[in-house]
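Source file: model.cif (mmCIF, C-alpha atoms)
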```cif
data_entry
#
loop_
_atom_site.label_atom_id
_atom_site.label_comp_id
_atom_site.auth_asym_id
_atom_site.auth_seq_id
_atom_site.Cartn_x
_atom_site.Cartn_y
_atom_site.Cartn_z
CA MET A 1 -72.85 12.20 158.11
CA MET A 2 -70.65 10.28 160.53
CA ARG A 3 -67.31 8.52 160.41
CA LYS A 4 -66.89 5.71 162.92
CA THR A 5 -63.31 4.98 164.00
CA PHE A 6 -62.00 1.62 165.20
CA PHE A 7 -58.56 1.10 166.66
CA CYS A 8 -57.45 -2.45 165.93
CA ILE A 9 -54.38 -4.49 166.75
CA ASP A 10 -53.76 -7.02 164.01
CA SER A 11 -52.05 -10.35 164.58
CA HIS A 12 -51.90 -13.86 163.21
CA ALA A 13 -52.19 -17.18 165.02
CA CYS A 14 -49.93 -19.72 163.31
CA GLY A 15 -50.83 -18.07 159.99
CA ASN A 16 -54.49 -17.15 160.42
CA PRO A 17 -55.24 -13.42 160.77
CA VAL A 18 -56.85 -12.14 163.98
CA ARG A 19 -57.98 -8.51 164.25
CA VAL A 20 -58.50 -7.39 167.86
CA VAL A 21 -60.78 -4.37 168.29
CA ALA A 22 -59.18 -2.37 171.10
CA GLY A 23 -61.24 0.80 170.61
CA GLY A 24 -64.52 1.73 168.95
CA GLY A 25 -66.50 -1.41 169.75
CA PRO A 26 -70.16 -0.90 170.70
CA ILE A 27 -71.07 -0.15 174.31
CA LEU A 28 -73.12 -3.09 175.56
CA PRO A 29 -74.95 -3.60 178.89
CA HIS A 30 -72.99 -5.41 181.58
CA LEU A 31 -74.50 -8.85 181.11
CA PRO A 32 -73.20 -12.39 180.61
CA ILE A 33 -71.28 -12.43 177.34
CA ALA A 34 -73.79 -14.84 175.75
CA ASP A 35 -76.48 -12.19 176.29
CA ARG A 36 -74.21 -9.44 174.96
CA ARG A 37 -73.58 -11.60 171.90
CA ALA A 38 -77.33 -11.70 171.22
CA LEU A 39 -77.53 -7.91 171.49
CA PHE A 40 -74.50 -7.48 169.24
CA LEU A 41 -76.06 -9.74 166.60
CA ARG A 42 -79.34 -7.82 166.81
CA ASP A 43 -78.02 -4.27 166.76
CA HIS A 44 -74.35 -4.14 165.76
CA ASP A 45 -73.52 -6.94 163.33
CA TRP A 46 -72.63 -4.30 160.73
CA ILE A 47 -69.42 -3.75 162.72
CA ARG A 48 -68.45 -7.37 162.13
CA THR A 49 -69.11 -7.18 158.39
CA ALA A 50 -67.39 -3.79 158.06
CA LEU A 51 -64.19 -4.99 159.78
CA MET A 52 -64.09 -8.57 158.49
CA PHE A 53 -65.32 -8.33 154.88
CA GLU A 54 -63.68 -6.51 152.01
CA PRO A 55 -62.56 -3.76 151.49
CA ARG A 56 -61.21 -3.60 155.10
CA GLY A 57 -60.89 -7.35 155.56
CA HIS A 58 -60.95 -10.46 153.39
CA ASP A 59 -62.42 -13.94 153.05
CA ILE A 60 -60.43 -15.51 155.92
CA MET A 61 -60.55 -12.65 158.42
CA SER A 62 -61.08 -13.43 162.10
CA GLY A 63 -61.36 -10.98 164.97
CA ALA A 64 -62.41 -10.29 168.53
CA ILE A 65 -63.92 -7.49 170.63
CA PHE A 66 -63.22 -7.60 174.36
CA TYR A 67 -65.22 -6.33 177.34
CA PRO A 68 -65.17 -6.39 181.14
CA PRO A 69 -66.23 -9.86 182.31
CA TRP A 70 -69.56 -10.70 183.91
CA ARG A 71 -68.16 -13.81 185.56
CA GLU A 72 -66.07 -13.20 188.67
CA ASP A 73 -63.70 -16.03 187.73
CA CYS A 74 -62.72 -14.43 184.39
CA ASP A 75 -60.35 -11.60 183.48
CA VAL A 76 -62.04 -10.50 180.28
CA ALA A 77 -65.11 -11.25 178.16
CA VAL A 78 -64.87 -11.64 174.39
CA LEU A 79 -67.04 -11.62 171.30
CA PHE A 80 -65.52 -13.51 168.38
CA ILE A 81 -66.25 -11.89 165.02
CA GLU A 82 -65.32 -13.39 161.68
CA VAL A 83 -66.62 -13.78 158.16
CA SER A 84 -68.89 -16.68 159.21
CA GLY A 85 -70.59 -14.80 162.04
CA CYS A 86 -70.27 -13.92 165.72
CA LEU A 87 -69.09 -17.28 167.01
CA PRO A 88 -69.49 -18.97 170.41
CA MET A 89 -65.76 -19.77 170.42
CA CYS A 90 -62.73 -19.38 168.14
CA GLY A 91 -59.39 -21.06 168.80
CA ALA A 92 -57.23 -18.91 166.53
CA GLY A 93 -59.11 -15.86 167.80
CA THR A 94 -58.32 -16.84 171.39
CA ILE A 95 -54.64 -17.34 170.60
CA GLY A 96 -54.34 -13.99 168.82
CA LEU A 97 -56.46 -12.12 171.35
CA SER A 98 -54.57 -13.48 174.37
CA THR A 99 -51.22 -12.55 172.85
CA VAL A 100 -52.43 -9.03 172.04
CA LEU A 101 -53.99 -8.44 175.48
CA ILE A 102 -50.86 -9.51 177.37
CA GLU A 103 -48.18 -7.97 175.10
CA GLU A 104 -50.03 -4.65 174.79
CA GLY A 105 -50.83 -4.49 178.52
CA LEU A 106 -54.57 -4.25 177.94
CA VAL A 107 -55.52 -6.74 180.67
CA THR A 108 -53.82 -7.69 183.93
CA PRO A 109 -54.74 -11.30 184.78
CA ARG A 110 -55.81 -12.09 188.33
CA VAL A 111 -53.34 -15.00 188.30
CA PRO A 112 -50.01 -14.26 186.62
CA GLY A 113 -49.41 -16.55 183.67
CA ILE A 114 -53.11 -17.47 183.26
CA LEU A 115 -55.68 -15.44 181.33
CA SER A 116 -59.31 -16.50 181.88
CA LEU A 117 -61.75 -15.63 179.11
CA GLU A 118 -65.53 -15.47 179.37
CA THR A 119 -66.71 -16.65 175.95
CA PRO A 120 -70.29 -17.34 174.75
CA ALA A 121 -69.36 -21.04 174.84
CA GLY A 122 -68.10 -20.87 178.43
CA ARG A 123 -64.91 -20.16 180.36
CA VAL A 124 -61.64 -20.70 178.49
CA ASP A 125 -58.31 -20.52 180.33
CA VAL A 126 -55.10 -19.56 178.53
CA ARG A 127 -51.67 -20.21 180.02
CA TYR A 128 -48.96 -18.08 178.45
CA GLU A 129 -45.17 -18.15 178.44
CA MET A 130 -43.17 -14.94 178.18
CA GLU A 131 -39.81 -14.21 176.54
CA GLY A 132 -38.94 -10.80 177.91
CA ASP A 133 -41.95 -8.56 177.20
CA ARG A 134 -43.29 -10.78 174.40
CA VAL A 135 -45.64 -13.76 174.55
CA ALA A 136 -43.68 -16.74 173.28
CA SER A 137 -46.51 -19.28 173.30
CA VAL A 138 -49.90 -20.04 174.80
CA ARG A 139 -51.88 -23.12 175.78
CA LEU A 140 -55.61 -22.71 175.77
CA PHE A 141 -57.89 -25.01 177.76
CA ASN A 142 -61.13 -25.29 175.86
CA VAL A 143 -64.76 -25.83 176.78
CA PRO A 144 -65.92 -29.48 176.88
CA SER A 145 -65.98 -31.05 173.42
CA TYR A 146 -67.71 -34.16 172.17
CA LEU A 147 -68.69 -36.40 169.27
CA HIS A 148 -72.30 -35.51 168.49
CA ALA A 149 -73.16 -37.97 165.69
CA ARG A 150 -71.34 -40.72 163.81
CA ASP A 151 -71.50 -41.88 160.21
CA VAL A 152 -73.89 -39.26 158.87
CA VAL A 153 -74.23 -39.83 155.12
CA ALA A 154 -74.93 -37.01 152.67
CA GLU A 155 -75.22 -37.16 148.89
CA VAL A 156 -72.80 -34.50 147.65
CA GLU A 157 -73.39 -33.02 144.23
CA GLY A 158 -70.75 -34.14 141.73
CA LEU A 159 -69.08 -36.43 144.26
CA GLY A 160 -71.53 -39.01 145.57
CA PRO A 161 -72.22 -40.15 149.14
CA LEU A 162 -69.88 -38.93 151.89
CA SER A 163 -69.89 -40.25 155.44
CA VAL A 164 -69.05 -37.64 158.08
CA ASP A 165 -69.01 -37.38 161.85
CA ILE A 166 -70.46 -34.33 163.61
CA ALA A 167 -68.29 -33.11 166.49
CA TYR A 168 -68.30 -30.08 168.76
CA GLY A 169 -65.14 -28.21 169.76
CA GLY A 170 -66.63 -24.78 170.50
CA ASN A 171 -68.41 -24.83 167.13
CA PHE A 172 -70.04 -27.80 165.38
CA TYR A 173 -68.02 -29.45 162.60
CA ALA A 174 -68.54 -31.98 159.90
CA VAL A 175 -65.40 -34.13 160.27
CA VAL A 176 -64.40 -35.81 157.00
CA GLU A 177 -61.78 -38.54 156.68
CA PRO A 178 -60.50 -40.10 153.42
CA GLN A 179 -62.97 -42.59 151.93
CA ALA A 180 -64.11 -44.02 148.60
CA HIS A 181 -65.51 -40.79 147.18
CA TRP A 182 -62.93 -38.47 148.78
CA PRO A 183 -59.32 -39.72 148.64
CA GLY A 184 -57.80 -36.81 150.55
CA LEU A 185 -56.85 -33.13 150.49
CA SER A 186 -56.14 -31.38 147.23
CA GLY A 187 -56.00 -27.65 146.47
CA ALA A 188 -57.72 -24.89 148.42
CA ALA A 189 -60.16 -24.05 145.63
CA GLU A 190 -61.34 -27.66 145.39
CA THR A 191 -61.68 -27.86 149.18
CA VAL A 192 -63.81 -24.71 149.23
CA SER A 193 -66.09 -26.06 146.50
CA LEU A 194 -66.45 -29.43 148.23
CA SER A 195 -67.20 -27.75 151.56
CA GLN A 196 -69.94 -25.61 150.07
CA ARG A 197 -71.54 -28.64 148.45
CA LEU A 198 -71.19 -30.79 151.57
CA LEU A 199 -72.81 -28.24 153.87
CA CYS A 200 -75.62 -27.82 151.36
CA ALA A 201 -76.12 -31.59 151.24
CA LEU A 202 -76.20 -31.83 155.05
CA GLN A 203 -79.01 -29.28 155.37
CA GLY A 204 -82.08 -31.13 156.52
CA VAL A 205 -80.01 -34.23 157.27
CA VAL A 206 -78.51 -33.06 160.56
CA GLU A 207 -79.10 -29.98 162.72
CA PRO A 208 -76.92 -30.28 165.83
CA VAL A 209 -77.92 -28.47 169.01
CA HIS A 210 -75.68 -28.22 172.08
CA PRO A 211 -77.32 -30.23 174.90
CA GLU A 212 -76.57 -27.60 177.55
CA ASN A 213 -76.88 -24.39 175.49
CA PRO A 214 -79.60 -24.39 172.82
CA ASP A 215 -78.33 -21.07 171.45
CA ILE A 216 -75.34 -23.01 170.09
CA ARG A 217 -76.74 -24.86 167.09
CA GLY A 218 -76.28 -25.48 163.40
CA LEU A 219 -73.48 -26.70 161.19
CA HIS A 220 -71.31 -24.09 159.48
CA HIS A 221 -67.79 -25.57 159.63
CA VAL A 222 -66.01 -28.51 158.00
CA ILE A 223 -62.64 -30.06 158.82
CA TRP A 224 -61.13 -32.21 156.08
CA CYS A 225 -58.64 -34.64 157.61
CA ASP A 226 -55.67 -36.30 155.93
CA ALA A 227 -52.21 -37.74 156.59
CA PRO A 228 -49.53 -35.34 157.90
CA ARG A 229 -46.72 -33.86 155.85
CA ALA A 230 -44.75 -31.68 158.29
CA GLY A 231 -44.38 -33.82 161.40
CA GLY A 232 -47.91 -33.76 162.77
CA ASP A 233 -50.10 -36.67 163.76
CA GLY A 234 -52.65 -35.55 161.22
CA ARG A 235 -53.41 -32.73 158.84
CA GLY A 236 -56.60 -30.74 158.57
CA ALA A 237 -58.13 -28.02 156.43
CA VAL A 238 -60.88 -26.10 158.20
CA PHE A 239 -63.59 -24.47 156.09
CA TYR A 240 -65.73 -21.62 157.47
CA GLY A 241 -67.73 -18.69 156.18
CA ASP A 242 -68.59 -18.82 152.50
CA ARG A 243 -65.15 -19.54 151.05
CA ALA A 244 -62.53 -19.48 153.82
CA ILE A 245 -59.86 -22.09 154.46
CA ASP A 246 -58.16 -21.54 157.83
CA ARG A 247 -54.43 -20.96 157.43
CA SER A 248 -53.83 -22.30 160.93
CA PRO A 249 -54.74 -25.89 161.87
CA GLY A 250 -58.02 -24.51 163.26
CA GLY A 251 -58.55 -24.19 167.00
CA THR A 252 -62.14 -25.35 167.43
CA GLY A 253 -61.53 -27.64 164.45
CA THR A 254 -58.61 -29.32 166.23
CA PHE A 255 -60.74 -29.68 169.36
CA ALA A 256 -63.59 -31.18 167.33
CA ARG A 257 -61.16 -33.56 165.63
CA MET A 258 -59.77 -34.74 168.98
CA ALA A 259 -63.31 -35.18 170.33
CA GLN A 260 -64.20 -37.23 167.26
CA LEU A 261 -61.10 -39.40 167.59
CA HIS A 262 -61.75 -39.93 171.30
CA GLY A 263 -65.41 -40.72 170.67
CA ARG A 264 -64.33 -43.41 168.22
CA GLY A 265 -61.85 -44.88 170.69
CA ARG A 266 -58.78 -43.75 168.74
CA LEU A 267 -57.36 -41.12 171.12
CA ALA A 268 -57.11 -41.71 174.86
CA VAL A 269 -57.32 -39.29 177.76
CA GLY A 270 -53.85 -37.81 178.28
CA ALA A 271 -52.82 -38.39 174.66
CA SER A 272 -51.52 -35.64 172.39
CA TRP A 273 -52.56 -34.83 168.84
CA ARG A 274 -50.34 -32.62 166.67
CA ASN A 275 -52.62 -31.14 164.03
CA GLU A 276 -50.96 -29.74 160.92
CA SER A 277 -52.32 -26.82 158.91
CA PRO A 278 -52.39 -26.36 155.12
CA ILE A 279 -49.24 -24.20 155.43
CA GLY A 280 -47.40 -26.60 157.77
CA THR A 281 -47.90 -24.84 161.13
CA ILE A 282 -48.92 -27.10 164.03
CA PHE A 283 -51.30 -26.93 166.99
CA GLU A 284 -50.20 -29.19 169.86
CA GLY A 285 -53.48 -30.68 171.07
CA ARG A 286 -53.92 -32.75 174.23
CA ILE A 287 -56.87 -34.43 175.96
CA GLU A 288 -56.80 -33.21 179.55
CA GLU A 289 -59.71 -35.18 181.00
CA ALA A 290 -62.93 -37.02 180.24
CA VAL A 291 -66.17 -35.14 180.92
CA ARG A 292 -69.89 -35.38 180.23
CA ILE A 293 -71.88 -32.88 178.19
CA GLY A 294 -75.53 -33.65 178.85
CA PRO A 295 -76.07 -37.22 177.62
CA PHE A 296 -72.77 -37.28 175.71
CA ALA A 297 -69.35 -38.54 176.81
CA GLY A 298 -66.72 -35.98 175.90
CA ILE A 299 -63.37 -34.44 176.68
CA ARG A 300 -61.81 -31.26 177.93
CA PRO A 301 -59.01 -30.59 175.44
CA SER A 302 -56.17 -28.08 175.27
CA LEU A 303 -53.78 -26.93 172.60
CA GLY A 304 -50.47 -25.16 172.47
CA ALA A 305 -49.71 -22.57 169.80
CA TRP A 306 -48.31 -19.10 169.19
CA ALA A 307 -49.32 -15.78 167.67
CA ARG A 308 -47.48 -12.67 166.51
CA ILE A 309 -48.67 -9.07 166.40
CA THR A 310 -48.43 -7.62 162.88
CA GLY A 311 -49.39 -4.00 163.46
CA HIS A 312 -51.69 -1.28 164.74
CA ASN A 313 -54.54 -0.37 162.44
CA THR A 314 -56.93 2.61 162.61
CA ILE A 315 -59.97 1.82 160.48
CA PHE A 316 -62.65 4.26 159.35
CA VAL A 317 -66.24 3.37 158.49
CA ASP A 318 -67.71 6.44 156.79
CA ASP A 319 -71.43 6.96 156.18
CA ARG A 320 -70.55 8.43 152.75
CA ASP A 321 -69.01 5.12 151.70
CA PRO A 322 -71.55 2.93 149.88
CA LEU A 323 -69.40 -0.08 150.82
CA ARG A 324 -69.10 0.90 154.48
CA HIS A 325 -70.59 -2.36 155.75
CA GLY A 326 -68.37 -4.55 153.59
CA PHE A 327 -69.05 -6.93 150.75
CA GLN A 328 -68.34 -10.41 149.51
CA ILE A 329 -68.11 -11.56 145.92
CA ALA A 330 -70.38 -14.50 145.20
#
```
Would you mind writing the file's structure down as structure tokens?
Amino acid sequence: MMRKTFFCIDSHACGNPVRVVAGGGPILPHLPIADRRALFLRDHDWIRTALMFEPRGHDIMSGAIFYPPWREDCDVAVLFIEVSGCLPMCGAGTIGLSTVLIEEGLVTPRVPGILSLETPAGRVDVRYEMEGDRVASVRLFNVPSYLHARDVVAEVEGLGPLSVDIAYGGNFYAVVEPQAHWPGLSGAAETVSLSQRLLCALQGVVEPVHPENPDIRGLHHVIWCDAPRAGGDGRGAVFYGDRAIDRSPGGTGTFARMAQLHGRGRLAVGASWRNESPIGTIFEGRIEEAVRIGPFAGIRPSLGAWARITGHNTIFVDDRDPLRHGFQIA
């Protein structure tokens, strides 16, 4: 019998929890992080489920495991773990991870004030501002993002036809704006139910694949977009996993939303987009430049946000525990 121990530093990024695994993560070969991600998924995904699912986590848990970088232009490599899988990129995870790494002294950046992350989606730079020994705020510069498909129609059970755009911001999203059969955001439970039905309806209708990285494929996220309430330019509820609504505005969701708006000619290069979360926190998005992603016109976006460390957490996963790998209630 064995008991595996994980030392975690818990935080939240504008409301969404981020658990950073600082000790106990699996030893992986020194390879590009995309290759290490494949090995993690093959051999160690139980760590993700044990730390993210109940009884040690919950339905909206996000996290990260960090490693020495393969790329010479990066300070650290990262695997993003959450209830929906081991993701190519996670905005809230990047915000929480960067804050933890700098405040806890776990990484010394090559360039003071800039932390460069090697993610499975590509290099992500994070500029951070200090107040004394604490990280006051960060601005992360994302991988290129783009509008993948416009006006995709799906027949949603109990609702009728919905028209969505498919956009990439580090993960692929169905972007939904108010329309005849969906007047706008309501409660979290209704949004979860709608998201489950929408993703089911989109199966077989659209299967996005990144034009430069075929390992990044499939549609597992939804961002429901509505008018702001707390001073933003827009409001969004990001759905991921089986029943999670992001408490932050959603990092890759905000990037996908900006890429969708730009692709439709509604947000120019250099413009800002303040995206509001379901709890009123805001990500300060900005389009830094226009780029191309294979055959697609896209953008390189950034966003400003903050995170706070909530505690140190030593977690045991015991072979005697029948629920050691976590569970979810259907």
Evaluate the PyMOL selection byres ((chain A and resi 178) around 10) and record the selected residues as a list in words, following the chain and residue labels used in the document.
-> Leu162, Ser163, Val176, Glu177, Gln179, Ala180, His181, Trp182, Pro183, Gly184, Leu185, Trp224, Cys225, Asp226 and Ala227 of chain A
Spatial neighbours of segment 228-234 of chain A, max dist 8 Å, all atoms listed in the file, sep filter under 2 positions, as a tab-separated table (two decimals) with C-alpha atoms, keeping the file's coordinate frame:
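Resulting contents of selection-v5.tsv:
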```tsv
chain	number	residue	atom	x	y	z
A	225	CYS	CA	-58.64	-34.64	157.61
A	226	ASP	CA	-55.67	-36.30	155.93
A	236	GLY	CA	-56.60	-30.74	158.57
A	273	TRP	CA	-52.56	-34.83	168.84
A	274	ARG	CA	-50.34	-32.62	166.67
A	275	ASN	CA	-52.62	-31.14	164.03
A	276	GLU	CA	-50.96	-29.74	160.92
A	280	GLY	CA	-47.40	-26.60	157.77
A	282	ILE	CA	-48.92	-27.10	164.03
```
From A:Ile287, A:Val135, A:Val209, A:Val76, residue lying nearest Gly113 of chain A [all atoms listed in the file] =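 Using all atoms listed in the file, the shortest distance to Gly113 of chain A belongs to A:Val135.
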What does the distance from atom CA of Arg257 of chain A to atom CA of Gln196 of chain A come to in Å, to one decimal?
-> 19.6 Å
Closest to Gly63 of chain A among A:Arg19, A:Arg308, A:Arg197, A:Arg42, using all atoms listed in the file?
->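 With all atoms listed in the file as the atom set, the closest residue is A:Arg19.
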Nearest-residue call for Ile9 of chain A, choices A:Thr252, A:Asn213, A:Ser98, A:Ser137, using all atoms listed in the file |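 Checking each candidate against Ile9 of chain A, we get A:Ser98 as the closest.
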Mind pulling up the distance from atom CA of Ala297 of chain A to atom CA of His262 of chain A?
->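 Taking atom CA of His262 of chain A and atom CA of Ala297 of chain A, their separation equals 9.5 Å.
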Using only C-alpha atoms, which of A:Leu267, A:Ala244, A:Val222, A:Ala188 sits nearest Phe53 of chain A?
->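 Checking each candidate against Phe53 of chain A, we get A:Ala244 as the closest.
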Tell me, as a compact mmCIF listing (two decimals) with C-alpha atoms, in the coordinates of the input, which residues lie within 12 Å of Arg300 of chain A, counting only C-alpha atoms; anything in the same chain fewer than 6 positions away does not count.
```txt
# COMPACT_ATOMS: atom_id res chain seq x y z
CA ARG A 123 -64.91 -20.16 180.36
CA VAL A 124 -61.64 -20.70 178.49
CA ASP A 125 -58.31 -20.52 180.33
CA LEU A 140 -55.61 -22.71 175.77
CA PHE A 141 -57.89 -25.01 177.76
CA ASN A 142 -61.13 -25.29 175.86
CA VAL A 143 -64.76 -25.83 176.78
CA PRO A 144 -65.92 -29.48 176.88
CA SER A 145 -65.98 -31.05 173.42
CA TYR A 146 -67.71 -34.16 172.17
CA TYR A 168 -68.30 -30.08 168.76
CA GLY A 169 -65.14 -28.21 169.76
CA GLY A 170 -66.63 -24.78 170.50
CA PHE A 255 -60.74 -29.68 169.36
CA ALA A 256 -63.59 -31.18 167.33
CA MET A 258 -59.77 -34.74 168.98
CA ALA A 259 -63.31 -35.18 170.33
CA HIS A 262 -61.75 -39.93 171.30
CA ALA A 268 -57.11 -41.71 174.86
CA VAL A 269 -57.32 -39.29 177.76
CA GLY A 270 -53.85 -37.81 178.28
CA ALA A 271 -52.82 -38.39 174.66
CA GLY A 285 -53.48 -30.68 171.07
CA ARG A 286 -53.92 -32.75 174.23
CA ILE A 287 -56.87 -34.43 175.96
CA GLU A 288 -56.80 -33.21 179.55
CA GLU A 289 -59.71 -35.18 181.00
CA ALA A 290 -62.93 -37.02 180.24
CA VAL A 291 -66.17 -35.14 180.92
CA ARG A 292 -69.89 -35.38 180.23
CA ILE A 293 -71.88 -32.88 178.19
```
Residues picked by the PyMOL selection byres ((chain A and resi 74) around 12) here, as an mmCIF file with C-alpha atoms, in the frame of the given file?
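The resulting file, expr_18.cif, is shown below:
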```
data_model
loop_
_atom_site.group_PDB
_atom_site.id
_atom_site.type_symbol
_atom_site.label_atom_id
_atom_site.label_comp_id
_atom_site.auth_asym_id
_atom_site.auth_seq_id
_atom_site.Cartn_x
_atom_site.Cartn_y
_atom_site.Cartn_z
ATOM 1 C CA PRO A 32 -73.200 -12.390 180.610
ATOM 2 C CA ILE A 33 -71.280 -12.430 177.340
ATOM 3 C CA TYR A 67 -65.220 -6.330 177.340
ATOM 4 C CA PRO A 68 -65.170 -6.390 181.140
ATOM 5 C CA PRO A 69 -66.230 -9.860 182.310
ATOM 6 C CA TRP A 70 -69.560 -10.700 183.910
ATOM 7 C CA ARG A 71 -68.160 -13.810 185.560
ATOM 8 C CA GLU A 72 -66.070 -13.200 188.670
ATOM 9 C CA ASP A 73 -63.700 -16.030 187.730
ATOM 10 C CA ASP A 75 -60.350 -11.600 183.480
ATOM 11 C CA VAL A 76 -62.040 -10.500 180.280
ATOM 12 C CA ALA A 77 -65.110 -11.250 178.160
ATOM 13 C CA VAL A 78 -64.870 -11.640 174.390
ATOM 14 C CA VAL A 107 -55.520 -6.740 180.670
ATOM 15 C CA THR A 108 -53.820 -7.690 183.930
ATOM 16 C CA PRO A 109 -54.740 -11.300 184.780
ATOM 17 C CA ARG A 110 -55.810 -12.090 188.330
ATOM 18 C CA VAL A 111 -53.340 -15.000 188.300
ATOM 19 C CA ILE A 114 -53.110 -17.470 183.260
ATOM 20 C CA LEU A 115 -55.680 -15.440 181.330
ATOM 21 C CA SER A 116 -59.310 -16.500 181.880
ATOM 22 C CA LEU A 117 -61.750 -15.630 179.110
ATOM 23 C CA GLU A 118 -65.530 -15.470 179.370
ATOM 24 C CA THR A 119 -66.710 -16.650 175.950
ATOM 25 C CA GLY A 122 -68.100 -20.870 178.430
ATOM 26 C CA ARG A 123 -64.910 -20.160 180.360
ATOM 27 C CA VAL A 124 -61.640 -20.700 178.490
ATOM 28 C CA ASP A 125 -58.310 -20.520 180.330
ATOM 29 C CA VAL A 126 -55.100 -19.560 178.530
#
```
Interatomic distance between atom CA of Arg243 of chain A and atom CA of Leu199 of chain A?
->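 Separation between atom CA of Arg243 of chain A and atom CA of Leu199 of chain A: 11.9 Å.
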Got a sec to resolve the PyMOL selection byres ((chain A and resi 47) around 10) on this structure and send the residues as a VMD selection string?
-> chain A and resid 4 6 24 to 26 40 to 41 43 to 46 48 to 53 81 317 324 to 326
Excluding His312 of chain A and any residue of its chain fewer than 6 positions from it, enumerate the residues within 10 Å of it, using all atoms listed in the file, and give them as an MDAnalysis selection string.
-> chainID A and resid 7:11 19:20 22
